[in-house]
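**Student:** Contents are TSV, C-alpha atoms; file name protein_10.tsv:
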chain	number	residue	atom	x	y	z
E	1	MET	CA	0.00	0.00	0.00
E	2	SER	CA	1.36	3.37	-0.93
E	3	ALA	CA	1.42	5.68	2.05
E	4	ASN	CA	0.09	8.46	-0.18
E	5	SER	CA	-2.61	6.50	-1.94
E	6	GLY	CA	-5.28	8.79	-0.52
E	7	ARG	CA	-7.40	5.87	0.68
E	8	THR	CA	-9.48	6.13	3.80
E	9	LEU	CA	-10.04	3.47	6.40
E	10	THR	CA	-13.58	2.99	7.63
E	11	THR	CA	-14.60	2.71	11.26
E	12	SER	CA	-18.12	1.41	10.78
E	13	GLY	CA	-19.61	4.48	9.14
E	14	GLN	CA	-16.85	6.99	9.89
E	15	ASP	CA	-13.89	7.72	7.61
E	16	LEU	CA	-10.56	8.77	9.02
E	17	ALA	CA	-8.24	10.39	6.50
E	18	LYS	CA	-4.92	8.68	5.90
E	19	ASN	CA	-1.87	9.88	7.71
E	20	GLY	CA	0.71	10.29	4.95
E	21	ASN	CA	3.41	8.36	6.78
E	22	SER	CA	5.94	5.99	5.26
E	23	SER	CA	8.21	3.43	6.82
E	24	ASN	CA	11.88	2.49	6.56
E	25	ASN	CA	12.44	-0.63	4.54
E	26	LYS	CA	14.80	-2.50	6.87
E	27	ALA	CA	14.57	-6.22	7.44
E	28	PRO	CA	12.49	-7.35	10.41
E	29	TRP	CA	14.40	-8.29	13.53
E	30	LYS	CA	14.53	-12.04	14.06
E	31	ASP	CA	15.31	-13.79	17.29
E	32	ALA	CA	18.36	-16.00	16.71
E	33	GLY	CA	17.78	-17.91	19.94
E	34	THR	CA	16.03	-21.24	20.09
E	35	VAL	CA	12.82	-21.12	22.07
E	36	LEU	CA	10.33	-23.75	23.10
E	37	GLN	CA	7.43	-23.74	20.70
E	38	PRO	CA	4.17	-23.46	22.60
E	39	THR	CA	1.15	-25.28	21.26
E	40	THR	CA	-2.18	-23.71	20.44
E	41	PRO	CA	-4.90	-25.14	22.66
E	42	THR	CA	-7.32	-27.24	20.65
E	43	ARG	CA	-10.20	-27.72	23.07
E	44	LYS	CA	-13.29	-25.83	22.01
E	45	PRO	CA	-15.35	-24.25	24.79
E	46	GLN	CA	-18.00	-26.53	26.25
E	47	PRO	CA	-21.58	-25.28	26.61
E	48	VAL	CA	-22.21	-23.77	30.02
E	49	SER	CA	-25.31	-23.93	32.15
E	50	ILE	CA	-27.61	-20.94	32.53
E	51	SER	CA	-26.32	-20.30	36.05
E	52	ALA	CA	-22.71	-20.39	34.81
E	53	ALA	CA	-23.53	-18.00	31.99
E	54	ILE	CA	-24.68	-15.26	34.35
E	55	SER	CA	-22.14	-12.45	34.34
E	56	PRO	CA	-19.67	-12.15	37.20
E	57	LYS	CA	-19.86	-9.16	39.52
E	58	PRO	CA	-18.20	-6.08	37.92
E	59	GLN	CA	-15.67	-5.70	40.76
E	60	ASN	CA	-14.35	-9.24	40.13
E	61	ALA	CA	-14.59	-9.35	36.34
E	62	ILE	CA	-12.32	-8.13	33.56
E	63	THR	CA	-14.84	-5.86	31.86
E	64	ILE	CA	-14.60	-5.44	28.08
E	65	ALA	CA	-17.03	-2.83	26.75
E	66	VAL	CA	-17.76	-3.03	23.02
E	67	SER	CA	-19.95	-0.78	20.94
E	68	SER	CA	-22.69	-2.41	18.86
E	69	ARG	CA	-21.05	-1.03	15.69
E	70	VAL	CA	-17.82	-2.99	16.25
E	71	LEU	CA	-19.47	-6.18	17.52
E	72	PHE	CA	-21.82	-6.29	14.52
E	73	ASN	CA	-21.80	-4.90	11.00
E	74	MET	CA	-24.25	-1.99	11.08
E	75	GLU	CA	-22.98	-0.09	8.02
E	76	LYS	CA	-26.37	-0.01	6.26
E	77	GLU	CA	-28.19	1.13	9.39
E	78	GLN	CA	-25.56	3.80	10.05
E	79	GLN	CA	-26.06	5.18	6.55
E	80	ILE	CA	-29.82	5.41	7.12
E	81	PHE	CA	-29.19	7.27	10.38
E	82	GLU	CA	-26.74	9.70	8.76
E	83	GLN	CA	-28.80	10.33	5.61
E	84	GLN	CA	-32.42	10.09	6.85
E	85	GLY	CA	-32.24	10.82	10.57
E	86	MET	CA	-33.12	9.12	13.84
E	87	GLU	CA	-36.84	8.44	13.19
E	88	GLU	CA	-36.26	6.58	9.92
E	89	TYR	CA	-33.36	4.71	11.50
E	90	ILE	CA	-35.54	3.48	14.40
E	91	LYS	CA	-38.36	2.54	12.00
E	92	TYR	CA	-35.94	0.50	9.89
E	93	GLN	CA	-34.47	-1.28	12.93
E	94	VAL	CA	-37.89	-2.19	14.32
E	95	ALA	CA	-39.09	-3.42	10.90
E	96	HIS	CA	-36.02	-5.67	10.62
E	97	GLU	CA	-35.68	-6.72	14.25
E	98	THR	CA	-36.02	-10.45	13.48
E	99	GLU	CA	-33.04	-10.24	11.07
E	100	SER	CA	-29.65	-10.80	12.70
E	101	PHE	CA	-26.75	-8.44	12.03
E	102	SER	CA	-23.66	-10.01	10.47
E	103	PRO	CA	-20.48	-10.16	12.63
E	104	GLY	CA	-18.33	-7.04	12.95
E	105	PRO	CA	-14.58	-6.66	13.59
E	106	ALA	CA	-14.84	-7.30	17.36
E	107	PHE	CA	-16.90	-10.49	16.96
E	108	SER	CA	-13.96	-12.96	16.80
E	109	PHE	CA	-12.30	-11.19	19.76
E	110	VAL	CA	-15.46	-11.58	21.85
E	111	LYS	CA	-15.78	-15.27	20.86
E	112	ALA	CA	-12.14	-15.79	21.93
E	113	LEU	CA	-12.87	-14.14	25.31
E	114	GLU	CA	-15.73	-16.60	25.77
E	115	ALA	CA	-13.43	-19.54	24.89
E	116	VAL	CA	-10.99	-18.38	27.61
E	117	ASN	CA	-13.88	-18.07	30.09
E	118	ALA	CA	-15.01	-21.62	29.36
E	119	GLN	CA	-11.54	-22.95	30.16
E	120	LEU	CA	-11.25	-20.79	33.29
E	121	ARG	CA	-14.60	-22.15	34.53
E	122	GLU	CA	-13.34	-25.71	34.06
E	123	LEU	CA	-10.18	-25.03	36.09
E	124	TYR	CA	-11.67	-22.60	38.66
E	125	PRO	CA	-15.42	-23.34	38.96
E	126	GLU	CA	-15.96	-20.92	41.87
E	127	SER	CA	-13.95	-17.98	40.51
E	128	GLU	CA	-15.59	-14.82	39.16
E	129	GLU	CA	-12.30	-13.63	37.68
E	130	LEU	CA	-13.61	-13.91	34.11
E	131	PHE	CA	-14.05	-11.69	31.07
E	132	ASP	CA	-17.39	-9.87	31.17
E	133	VAL	CA	-18.45	-8.36	27.85
E	134	VAL	CA	-20.73	-5.33	28.11
E	135	LEU	CA	-22.52	-4.05	25.01
E	136	ILE	CA	-22.41	-0.26	24.92
E	137	THR	CA	-24.56	1.54	22.38
E	138	ASN	CA	-25.93	5.05	22.03
E	139	ASN	CA	-29.04	3.52	20.44
E	140	HIS	CA	-32.44	4.05	21.96
E	141	ALA	CA	-33.95	1.15	23.87
E	142	ASN	CA	-36.47	0.31	21.14
E	143	VAL	CA	-33.59	-0.79	18.89
E	144	GLY	CA	-32.49	-3.19	21.63
E	145	LEU	CA	-34.68	-6.10	20.52
E	146	ARG	CA	-32.75	-6.56	17.27
E	147	LEU	CA	-29.46	-6.55	19.20
E	148	ILE	CA	-30.79	-9.10	21.70
E	149	ASN	CA	-32.08	-11.30	18.87
E	150	THR	CA	-28.68	-11.15	17.17
E	151	ILE	CA	-26.80	-12.00	20.39
E	152	ASN	CA	-29.10	-14.98	20.93
E	153	HIS	CA	-28.72	-16.04	17.30
E	154	TYR	CA	-24.93	-16.29	17.69
E	155	GLN	CA	-25.24	-17.70	21.25
E	156	LEU	CA	-23.02	-14.96	22.68
E	157	VAL	CA	-22.82	-14.67	26.47
E	158	ILE	CA	-23.56	-10.94	26.84
E	159	GLU	CA	-25.80	-10.18	29.79
E	160	ARG	CA	-25.03	-6.49	30.35
E	161	PHE	CA	-26.41	-3.92	27.92
E	162	CYS	CA	-26.01	-0.19	28.17
E	163	MET	CA	-28.26	1.74	25.77
E	164	THR	CA	-27.59	5.43	26.34
E	165	GLY	CA	-30.15	6.95	23.94
E	166	GLY	CA	-27.55	9.31	22.47
E	167	ASN	CA	-25.83	10.26	25.74
E	168	SER	CA	-22.12	9.79	26.43
E	169	PRO	CA	-21.27	6.30	27.73
E	170	ILE	CA	-18.24	7.42	29.78
E	171	GLY	CA	-20.02	7.54	33.16
E	172	TYR	CA	-21.35	4.04	32.59
E	173	LEU	CA	-17.90	2.76	31.60
E	174	LYS	CA	-16.55	3.97	34.94
E	175	ALA	CA	-19.44	2.38	36.84
E	176	TYR	CA	-18.66	-0.96	35.17
E	177	HIS	CA	-14.95	-0.70	36.14
E	178	THR	CA	-14.16	-1.06	32.44
E	179	ASN	CA	-10.76	-2.56	31.60
E	180	LEU	CA	-11.04	-1.94	27.84
E	181	TYR	CA	-13.47	0.01	25.65
E	182	LEU	CA	-13.68	-0.62	21.90
E	183	SER	CA	-15.69	1.70	19.68
E	184	ALA	CA	-16.03	2.81	16.06
E	185	ASP	CA	-16.36	6.43	17.24
E	186	PRO	CA	-13.00	8.24	17.63
E	187	ASP	CA	-14.60	11.02	19.72
E	188	LYS	CA	-15.90	8.59	22.33
E	189	VAL	CA	-12.51	6.85	22.42
E	190	HIS	CA	-10.77	10.20	23.04
E	191	GLU	CA	-13.25	10.94	25.81
E	192	ALA	CA	-12.64	7.55	27.44
E	193	LEU	CA	-8.84	7.93	27.32
E	194	GLU	CA	-9.15	11.41	28.85
E	195	ALA	CA	-11.13	9.79	31.68
E	196	GLY	CA	-8.33	7.26	32.25
E	197	ILE	CA	-10.11	4.30	30.60
E	198	ALA	CA	-8.12	2.08	28.20
E	199	ALA	CA	-9.82	2.59	24.84
E	200	ALA	CA	-9.22	2.25	21.12
E	201	THR	CA	-10.98	2.93	17.81
E	202	MET	CA	-11.57	-0.37	16.02
E	203	PHE	CA	-11.37	-0.66	12.23
E	204	THR	CA	-12.97	-3.13	9.85
E	205	PRO	CA	-10.40	-4.66	7.48
E	206	ASP	CA	-11.38	-5.22	3.83
E	207	LYS	CA	-10.80	-8.93	4.35
E	208	MET	CA	-10.87	-10.72	7.69
E	209	THR	CA	-7.98	-13.11	8.42
E	210	GLU	CA	-9.08	-16.39	9.96
E	211	VAL	CA	-8.13	-16.49	13.66
E	212	SER	CA	-7.92	-19.17	16.35
E	213	GLU	CA	-11.16	-20.19	18.08
E	214	THR	CA	-9.32	-21.64	21.08
E	215	GLN	CA	-6.49	-19.19	21.84
E	216	LEU	CA	-6.93	-15.45	22.41
E	217	ARG	CA	-4.08	-13.57	20.71
E	218	VAL	CA	-3.51	-9.91	21.53
E	219	ALA	CA	-0.76	-7.80	19.89
E	220	PHE	CA	0.43	-4.45	21.25
E	221	ASP	CA	2.67	-1.68	19.95
E	222	GLY	CA	5.09	-0.41	22.61
E	223	ASP	CA	5.52	3.37	22.72
E	224	ALA	CA	2.32	5.34	23.48
E	225	VAL	CA	0.37	2.06	23.85
E	226	LEU	CA	1.92	-0.11	26.59
E	227	PHE	CA	4.51	2.57	27.45
E	228	SER	CA	4.26	6.35	27.68
E	229	ASP	CA	5.26	8.50	24.69
E	230	GLU	CA	8.42	9.78	26.46
E	231	SER	CA	10.81	8.17	23.95
E	232	GLU	CA	8.56	9.05	21.02
E	233	GLN	CA	8.82	12.71	22.04
E	234	ILE	CA	12.65	12.54	21.92
E	235	TYR	CA	12.49	10.99	18.45
E	236	LYS	CA	10.00	13.54	17.12
E	237	ALA	CA	11.94	16.50	18.51
E	238	HIS	CA	15.55	15.43	17.91
E	239	GLY	CA	15.63	12.55	15.40
E	240	LEU	CA	16.73	8.93	15.40
E	241	ASP	CA	20.34	9.31	16.60
E	242	LYS	CA	19.31	11.27	19.70
E	243	PHE	CA	16.56	8.74	20.33
E	244	PHE	CA	19.11	5.88	20.31
E	245	GLU	CA	21.42	7.86	22.63
E	246	HIS	CA	18.54	8.60	25.00
E	247	GLU	CA	17.41	4.95	25.12
E	248	LYS	CA	20.96	3.70	25.76
E	249	ALA	CA	21.49	6.25	28.54
E	250	HIS	CA	18.13	5.38	30.15
E	251	GLU	CA	18.19	1.63	29.48
E	252	ASN	CA	17.80	0.79	33.17
E	253	LYS	CA	15.14	3.41	33.87
E	254	PRO	CA	11.67	1.94	33.28
E	255	LEU	CA	9.38	3.83	30.94
E	256	ASP	CA	6.19	5.25	32.42
E	257	HIS	CA	2.99	3.34	31.69
E	258	GLY	CA	0.85	3.91	28.61
E	259	PRO	CA	-2.94	3.61	28.22
E	260	LEU	CA	-3.01	-0.17	27.50
E	261	LYS	CA	-0.61	-1.30	30.25
E	262	GLY	CA	-3.53	-2.19	32.52
E	263	PHE	CA	-5.09	-4.45	29.90
E	264	LEU	CA	-1.82	-6.38	29.43
E	265	GLU	CA	-1.69	-6.64	33.23
E	266	VAL	CA	-5.10	-8.35	33.49
E	267	LEU	CA	-4.22	-10.70	30.62
E	268	GLY	CA	-1.03	-11.63	32.49
E	269	LYS	CA	-2.97	-12.25	35.67
E	270	LEU	CA	-5.27	-14.70	33.88
E	271	GLN	CA	-2.32	-16.37	32.16
E	272	LYS	CA	-0.78	-17.08	35.57
E	273	LYS	CA	-3.99	-18.89	36.60
E	274	PHE	CA	-3.51	-21.23	33.64
E	275	TYR	CA	0.21	-21.65	34.40
E	276	ALA	CA	-0.65	-22.62	37.99
E	277	LYS	CA	-2.67	-25.55	36.61
E	278	GLY	CA	0.13	-26.73	34.29
E	279	HIS	CA	-1.04	-24.93	31.13
E	280	ARG	CA	1.92	-22.68	30.28
E	281	MET	CA	2.68	-24.30	26.93
E	282	ASP	CA	-0.94	-24.55	25.83
E	283	CYS	CA	-2.24	-21.39	27.50
E	284	PRO	CA	-5.39	-20.06	25.77
E	285	ILE	CA	-4.08	-16.46	26.05
E	286	ARG	CA	-0.99	-15.32	24.11
E	287	THR	CA	0.45	-11.80	24.01
E	288	TYR	CA	2.77	-10.09	21.52
E	289	LEU	CA	4.84	-6.91	21.48
E	290	VAL	CA	5.14	-5.70	17.86
E	291	THR	CA	7.28	-2.57	17.82
E	292	ALA	CA	9.15	-0.47	15.26
E	293	ARG	CA	12.05	-0.24	17.74
E	294	SER	CA	15.24	-2.09	16.80
E	295	ALA	CA	16.39	-4.82	19.17
E	296	ALA	CA	20.05	-3.82	19.54
E	297	SER	CA	19.67	-0.08	19.98
E	298	SER	CA	16.42	0.35	21.88
E	299	GLY	CA	14.90	-3.06	22.59
E	300	ALA	CA	16.49	-3.60	26.00
E	301	ARG	CA	14.67	-0.69	27.63
E	302	ALA	CA	11.28	-1.99	26.44
E	303	LEU	CA	11.90	-5.49	27.81
E	304	LYS	CA	13.40	-4.20	31.08
E	305	THR	CA	10.37	-1.95	31.56
E	306	LEU	CA	7.99	-4.92	31.24
E	307	ARG	CA	10.15	-6.91	33.67
E	308	SER	CA	10.13	-4.04	36.17
E	309	TRP	CA	6.32	-4.11	36.06
E	310	GLY	CA	6.33	-7.85	36.73
E	311	LEU	CA	4.77	-8.48	33.33
E	312	GLU	CA	5.63	-11.13	30.78
E	313	ILE	CA	5.05	-10.84	27.05
E	314	ASP	CA	5.01	-14.13	25.15
E	315	GLU	CA	6.62	-12.90	21.94
E	316	ALA	CA	8.53	-9.69	21.20
E	317	LEU	CA	9.08	-8.61	17.60
E	318	PHE	CA	11.48	-5.68	17.07
E	319	LEU	CA	11.01	-4.66	13.44
E	320	ALA	CA	13.56	-1.80	13.16
E	321	GLY	CA	11.14	0.29	11.12
E	322	ALA	CA	9.89	-2.49	8.82
E	323	PRO	CA	6.12	-2.68	8.12
E	324	LYS	CA	4.08	-4.47	10.78
E	325	GLY	CA	1.36	-5.86	8.47
E	326	PRO	CA	3.26	-8.93	7.19
E	327	MET	CA	4.33	-9.98	10.70
E	328	LEU	CA	0.80	-9.56	12.04
E	329	GLU	CA	-0.51	-11.64	9.17
E	330	LYS	CA	1.68	-14.50	10.49
E	331	ILE	CA	0.66	-13.96	14.14
E	332	ARG	CA	-3.08	-13.74	13.32
E	333	PRO	CA	-4.08	-11.80	16.44
E	334	HIS	CA	-7.73	-11.21	17.28
E	335	ILE	CA	-6.80	-7.60	17.97
E	336	PHE	CA	-3.79	-5.30	17.47
E	337	PHE	CA	-3.28	-1.91	19.15
E	338	ASP	CA	-1.12	0.91	17.73
E	339	ASP	CA	-0.95	4.67	18.27
E	340	GLN	CA	-0.16	5.49	14.62
E	341	MET	CA	-2.66	5.30	11.79
E	342	PHE	CA	0.09	4.33	9.35
E	343	HIS	CA	0.59	1.03	11.18
E	344	VAL	CA	-3.14	0.52	11.79
E	345	GLU	CA	-3.83	0.91	8.07
E	346	GLY	CA	-0.96	-1.39	7.10
E	347	ALA	CA	-2.26	-4.07	9.46
E	348	ALA	CA	-5.90	-3.70	8.38
E	349	GLU	CA	-4.96	-3.87	4.70
E	350	MET	CA	-3.51	-7.36	5.33
E	351	GLY	CA	-6.57	-8.60	7.20
E	352	THR	CA	-5.72	-7.88	10.84
E	353	VAL	CA	-8.38	-6.30	13.07
E	354	ALA	CA	-6.44	-3.20	14.13
E	355	CYS	CA	-7.29	-0.56	16.71
E	356	HIS	CA	-6.03	3.00	16.91
E	357	VAL	CA	-5.03	4.31	20.35
E	358	PRO	CA	-5.13	8.12	19.93
E	359	TYR	CA	-2.56	8.88	22.61
E	360	GLY	CA	0.69	10.82	22.77
E	361	VAL	CA	2.83	13.02	20.56
E	362	ALA	CA	2.16	11.09	17.33
E	363	GLN	CA	-1.41	12.44	17.25
E	364	ARG	CA	-0.24	15.93	16.38
E	365	ILE	CA	-0.80	16.93	12.76
E	366	GLY	CA	2.22	16.90	10.48
E	367	ASP	CA	4.38	14.51	12.48
E	368	LYS	CA	6.96	12.40	10.71
E	369	PRO	CA	6.50	8.63	10.88
E	370	HIS	CA	7.57	6.36	13.73
E	371	HIS	CA	11.23	5.40	13.97
Represent the structure from my file as structure tokens, please.
**Tutor:**
Amino acid sequence: MSANSGRTLTTSGQDLAKNGNSSNNKAPWKDAGTVLQPTTPTRKPQPVSISAAISPKPQNAITIAVSSRVLFNMEKEQQIFEQQGMEEYIKYQVAHETESFSPGPAFSFVKALEAVNAQLRELYPESEELFDVVLITNNHANVGLRLINTINHYQLVIERFCMTGGNSPIGYLKAYHTNLYLSADPDKVHEALEAGIAAATMFTPDKMTEVSETQLRVAFDGDAVLFSDESEQIYKAHGLDKFFEHEKAHENKPLDHGPLKGFLEVLGKLQKKFYAKGHRMDCPIRTYLVTARSAASSGARALKTLRSWGLEIDEALFLAGAPKGPMLEKIRPHIFFDDQMFHVEGAAEMGTVACHVPYGVAQRIGDKPHH
């Protein structure tokens, strides 16, 4: 994909203009060391009883809030709303309420969360430390029946609905102790991040890569996603050489946390529950760091920061400026988080469900691309 092709990437009815960034064409970093190859779990989730399907209490759960427009494909309905207004939109939804929506970009992610829950319930029947998916929508309540019918059609375990009737969902997200909020609306994502809630704008790729049904795979960028944008600021202000100098000088000083650190933390906490039962090599959660940093010059600080937080990452890919899309195509994550639209677009073009985290210095207009 040419960085200046002028294409736009759609977030379920909203177009975000391309950031005209380009990337260095260096070879991806490869780990020369031999590592144990973990296996992908193959057990599919077993059906659960009605009592088991009831959502855990919010204070115990890992709450994932998803908007209806990322869970399901509502492009046609969104067009009616934008072109004909609220009344026609509601009429259309009510008239078609027995028709299920097709899956949206967050659907496979939510199914993977449910697969993890099923395995956690097998190992820890009494524990409420589970993923709890909350559907957040600014729809009015009379559109709710079609959403409920669709959820039942796909046999999704979503008990909590929040239909705000056009009001901001942020207060509700706080009340639910939300660990991650995914939306198609960049404004709501900005608002959530400002309120200290981990959030990202989710995009619908042109083609959807097939992903595992038994292992949740989550890929993160480093700077301004897991970490603060401190190093990014040095790069933007002073260039690559100064950035390398700064990282070498501060190698043993952990970076401050970024907006998605807390989500990696809860994933790590659940992973340890599987490890405690002998499931390290076939753990149904796998995490990836996919960064444009180079291993030799700036990789050590990233890994030492994670270690200082007591966090493990399963795989770390230091790409030294190479495009992320081809590597993500091999990983096949259910979700990938990056702070730069250039990388989000590159990932989405190759079939990865990519999310933009609008945080840090890279959001300013006219910035040069990531190192």
**Student:** Taking into account only C-alpha atoms, which residue in the set E:Val290, E:Leu71, E:Ala65, E:Leu182 is nearest to Phe101 of chain E?
**Tutor:** E:Leu71
**Student:** Go through E:Ala115, E:Val94, E:Val189, E:Ala347 one by one, measure the shortest atom-to-atom distance of each to Gly144 of chain E using all atoms listed in the file, and give the residue with the smallest value.
**Tutor:**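 So, comparing all the options, the nearest one is E:Val94.
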**Student:** With only C-alpha atoms as the atoms that count, which of E:Ile197, E:Val110, E:Ala141, E:Leu264 lies nearest to Leu306 of chain E?
**Tutor:**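 For Leu306 of chain E, the nearest of the given residues is E:Leu264.
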**Student:** Could you pull the residues within 10 Å of segment 106-109 of chain E, counting all atoms listed in the file, minus those fewer than 3 positions along the same chain, as an MDAnalysis selection string?
**Tutor:** chainID E and resid 66:73 102:103 112:115 154 156 182:183 202:204 208 210:213 216:218 333:335 353:354
**Student:** Interatomic distance between atom CA of Met163 of chain E and atom CA of Ile90 of chain E?
**Tutor:**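 For atom CA of Met163 of chain E relative to atom CA of Ile90 of chain E, the distance reads 13.6 Å.
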**Student:** Extract, using all atoms listed in the file, all DNA, RNA and protein residues at most 6 Å from segment 312-319 of chain E, discarding same-chain residues fewer than 5 positions from it, and format them as a list in words.
**Tutor:**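 Selected residues are Pro28, Trp29, Thr287, Tyr288, Leu289, Val290, Thr291, Ala292, Arg293, Ser294 and Ala295 of chain E.
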**Student:** Quote the spacing between atom CA of Ile62 of chain E and atom CA of Phe131 of chain E in Å to one decimal place.
**Tutor:**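 Here the two named atoms are 4.7 Å from each other.
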**Student:** Provide the atom CA of Gly351 of chain E to atom CA of Asn138 of chain E distance in Å, to one decimal place.
**Tutor:** 27.9 Å
**Student:** Using only C-alpha atoms, which residues sit within 12 Å of Glu77 of chain E once same-chain residues fewer than 6 positions away are excluded, as a list in words?
**Tutor:**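 In the requested form, the answer reads Ser12, Gly13, Ser68, Arg69, Gln83, Gln84, Gly85, Met86, Glu87, Glu88, Tyr89, Ile90, Lys91, Tyr92, Gln93, Val94, Ala95, His96, Glu97, Phe101, Asn139, Val143 and Arg146 of chain E.
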**Student:** Under the rule that only C-alpha atoms are counted, which of E:Ser298, E:Thr63, E:Thr305, E:Ser228 is the nearest residue to Glu128 of chain E?
**Tutor:**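 Ranked by minimum distance to Glu128 of chain E, first place goes to E:Thr63.
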**Student:** Of the candidates E:Met281, E:Leu260, E:Pro323, E:Glu251, which shows the shortest atom-to-atom distance to Ser308 of chain E, using only C-alpha atoms?
**Tutor:**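 Among the listed residues, E:Glu251 lies closest to Ser308 of chain E.
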**Student:** Here is a test: counting only C-alpha atoms, which residue of E:Ser100, E:Lys304, E:Gly196, E:Lys324 is nearest to Ile151 of chain E?
**Tutor:**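 Result for the nearest residue to Ile151 of chain E: E:Ser100.
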**Student:** Using only the atoms of segment 302-311 of chain E listed in the file, plus 3 Å on each side, state the axis-aligned box centre and edge lengths in Å rounded to one decimal, as lines of an AutoDock Vina configuration file.
**Tutor:**
center_x = 9.1
center_y = -5.2
center_z = 31.6
size_x = 14.6
size_y = 12.5
size_z = 16.3
**Student:** Hey, what's within 8 Å of Val116 of chain E if we count all atoms listed in the file and toss same-chain stuff fewer than 4 positions away? As a list in words, please?
**Tutor:** Pro45, Ala112, Leu120, Thr214, Gln215, Leu216, Pro284 and Ile285 of chain E
